[in-house]
Amino acid sequence: MNATVLNFSGVAKEYGGARVLDAVDLQVGAGECVALVGVNGAGKTSLLRCLLDFTRPDAGTIEICGIDHRDSASRSPLGYLPERFAPPYYLTGRDFLRYMLRLHGLPYDEAAALALLGELELERGVLDKRARQMSKGMAQKLGLAACLMAGKQLYILDEPASGLDPKARALVKRQFRRLREQGRTVFFTSHALADVEELCDRVAILDRGRLLFTGTPSDCRARYDASSLEQAFLRCIH
């Protein structure tokens with residue numbers, strides 16, 4: 001593995017006496033594309049929330065590029081897209097992109113914005129449209145565009161294809177491939193195991209807060225004697 005970018009060590013979390021993360025150990029190397037998969041309630045989003053210091057783990061440590069995740073400096077190399085993403089309803093697409101880039105200390109570039117929107121097949125009119133007028137898919141792609149325009153080395157994406165139709169998912173996968181070609185690191189959650197198998201260097205299977213498998217999709221299929229990652233996943237969690 002290349003230099004470790006994300007390091008989860010013994011991460012545990014409880015809510016109301018129910019353990020949602022149970023001593024999770026996971027490392028993600030520089031330039032890797034790693035998917036965290038599991039059924040609803042497996043603990044995927046909880047792990048990301050701990051990583052981003054939205055909630056504190058009850059035990060264990062998390063490091064981002066060798067820096068404790070609670071140090072705000074650790075998060076400067078990363079871009080994040082939440083699962084239920086919605087821009088502030090009163091902002092136009094242009095306002096939102098400009099605002100997000102300002103938070104990263106970057107200038108807004110209209111030509112770059114239009115080029116990226118074109119790659120995601122978002123019409124240039126989205127820049128003038130207010131978020132409350134956008135469809136779920138349109139808002140999701142705008143959020144992804146904001147992440148990509150920031151030009152980060154690490155991307156944390158929670159169900160990035162949520163709410164997207166098959167064509168839009170194909171466009172998002174194309175962006176994933178480009179990030180890999182650029183040597184950037186991607187750590188994302190997904191229910192689309194066919195996409196995971198196609199895109200990822202490694203897959204991490206989380207079930208009821210416990211990490212059951214970490215390895216390449218082909219290793220997962222071999223371990224569980226399955227012809228697809230979906231079959232391997234089902235055999236793993238059962």
# chains A, B, ... in the order shown; residues from 1 in each chain; ligands from 1
$ closest_atom_pairs --of "stretch 140-195 of chain A" --to "stretch 22-46 of chain A" --cutoff "7 Å" --atoms "only C-alpha atoms" --output "JSON lines"
{"residue": "A:Arg180", "atom": "CA", "partner": "A:Gly31", "partner_atom": "CA", "distance": 6.5}
{"residue": "A:Gly183", "atom": "CA", "partner": "A:Gly31", "partner_atom": "CA", "distance": 4.6}
{"residue": "A:Arg184", "atom": "CA", "partner": "A:Gly31", "partner_atom": "CA", "distance": 4.8}
{"residue": "A:Thr185", "atom": "CA", "partner": "A:Gly31", "partner_atom": "CA", "distance": 4.3}
{"residue": "A:Val186", "atom": "CA", "partner": "A:Cys33", "partner_atom": "CA", "distance": 4.6}
{"residue": "A:Phe187", "atom": "CA", "partner": "A:Val34", "partner_atom": "CA", "distance": 5.0}
{"residue": "A:Phe188", "atom": "CA", "partner": "A:Ala35", "partner_atom": "CA", "distance": 5.0}
{"residue": "A:Thr189", "atom": "CA", "partner": "A:Leu36", "partner_atom": "CA", "distance": 4.7}
{"residue": "A:Ser190", "atom": "CA", "partner": "A:Val37", "partner_atom": "CA", "distance": 5.7}
{"residue": "A:His191", "atom": "CA", "partner": "A:Val37", "partner_atom": "CA", "distance": 6.4}
$ select_by_dssp --residues "stretch 69-158 of chain A" --states "strand (DSSP E or B)" --output "list in words"
Leu78, Gly79, Tyr80, Leu81, Thr92, Arg130, Leu154, Tyr155, Ile156, Leu157 and Asp158 of chain A
$ write_last_selection --atoms "C-alpha atoms" --output "PDB file, in the first residue's frame"
ATOM      1  CA  LEU A  78     -10.227  16.608   1.589  1.00  0.00           C
ATOM      2  CA  GLY A  79     -13.495  17.259  -0.199  1.00  0.00           C
ATOM      3  CA  TYR A  80     -16.732  15.834   1.195  1.00  0.00           C
ATOM      4  CA  LEU A  81     -20.158  15.124  -0.282  1.00  0.00           C
ATOM      5  CA  THR A  92     -28.207  29.884  -7.267  1.00  0.00           C
ATOM      6  CA  ARG A 130     -31.967  28.571  -7.325  1.00  0.00           C
ATOM      7  CA  LEU A 154      -8.735  13.142  -0.911  1.00  0.00           C
ATOM      8  CA  TYR A 155     -12.462  12.753  -1.501  1.00  0.00           C
ATOM      9  CA  ILE A 156     -14.926  11.407   1.072  1.00  0.00           C
ATOM     10  CA  LEU A 157     -18.246  10.670  -0.617  1.00  0.00           C
ATOM     11  CA  ASP A 158     -21.326   9.217   1.081  1.00  0.00           C
TER      12      ASP A 158
END
$ closest_residue --among "A:Ala86, A:Leu114, A:Met100, A:Leu6" --to "A:Met134" --atoms "only C-alpha atoms"
A:Ala86
$ closest_residue --among "A:Lys152, A:Gly93, A:Tyr108, A:Phe176" --to "A:Asp128" --atoms "only C-alpha atoms"
A:Gly93
$ closest_residue --among "A:Leu164, A:Ala12, A:Leu229, A:Ala139" --to "A:Ala194" --atoms "only C-alpha atoms"
A:Leu229
$ closest_residue --among "A:Ala168, A:Leu234, A:Arg75, A:Cys50" --to "A:Leu120" --atoms "only C-alpha atoms"
A:Ala168
$ select_by_dssp --residues "stretch 48-134 of chain A" --states "helix (DSSP H, G or I)" --output "PyMOL selection string"
chain A and resi 48-51+72-75+93-103+110-119+124-127+131-133
$ write_last_selection --atoms "C-alpha atoms" --output "mmCIF file, in the first residue's frame"
data_model
loop_
_atom_site.group_PDB
_atom_site.id
_atom_site.type_symbol
_atom_site.label_atom_id
_atom_site.label_comp_id
_atom_site.auth_asym_id
_atom_site.auth_seq_id
_atom_site.Cartn_x
_atom_site.Cartn_y
_atom_site.Cartn_z
ATOM 1 C CA LEU A 48 -17.757 8.874 8.102
ATOM 2 C CA ARG A 49 -19.271 11.132 10.750
ATOM 3 C CA CYS A 50 -16.530 10.084 13.152
ATOM 4 C CA LEU A 51 -13.888 10.638 10.477
ATOM 5 C CA SER A 72 -9.141 20.950 11.749
ATOM 6 C CA ALA A 73 -5.886 21.080 9.753
ATOM 7 C CA SER A 74 -6.300 17.351 9.016
ATOM 8 C CA ARG A 75 -9.362 18.068 6.886
ATOM 9 C CA GLY A 93 -25.850 27.251 -8.632
ATOM 10 C CA ARG A 94 -23.244 29.942 -9.302
ATOM 11 C CA ASP A 95 -23.614 31.398 -5.794
ATOM 12 C CA PHE A 96 -23.178 27.947 -4.293
ATOM 13 C CA LEU A 97 -20.045 27.111 -6.274
ATOM 14 C CA ARG A 98 -18.547 30.529 -5.542
ATOM 15 C CA TYR A 99 -19.312 30.161 -1.832
ATOM 16 C CA MET A 100 -17.828 26.660 -1.575
ATOM 17 C CA LEU A 101 -14.651 27.662 -3.409
ATOM 18 C CA ARG A 102 -14.275 30.700 -1.150
ATOM 19 C CA LEU A 103 -14.374 28.367 1.864
ATOM 20 C CA GLU A 110 -16.758 30.529 -14.660
ATOM 21 C CA ALA A 111 -15.071 28.769 -17.591
ATOM 22 C CA ALA A 112 -13.908 25.900 -15.360
ATOM 23 C CA ALA A 113 -17.386 25.648 -13.840
ATOM 24 C CA LEU A 114 -19.022 25.460 -17.263
ATOM 25 C CA ALA A 115 -16.527 22.837 -18.447
ATOM 26 C CA LEU A 116 -17.185 20.610 -15.428
ATOM 27 C CA LEU A 117 -20.951 21.072 -15.638
ATOM 28 C CA GLY A 118 -20.694 20.007 -19.266
ATOM 29 C CA GLU A 119 -18.873 16.820 -18.282
ATOM 30 C CA ARG A 124 -25.320 26.073 -17.961
ATOM 31 C CA GLY A 125 -28.701 27.418 -16.825
ATOM 32 C CA VAL A 126 -28.186 25.619 -13.502
ATOM 33 C CA LEU A 127 -25.782 28.417 -12.561
ATOM 34 C CA ALA A 131 -31.446 25.350 -5.393
ATOM 35 C CA ARG A 132 -35.133 25.107 -4.478
ATOM 36 C CA GLN A 133 -35.889 24.739 -8.213
#
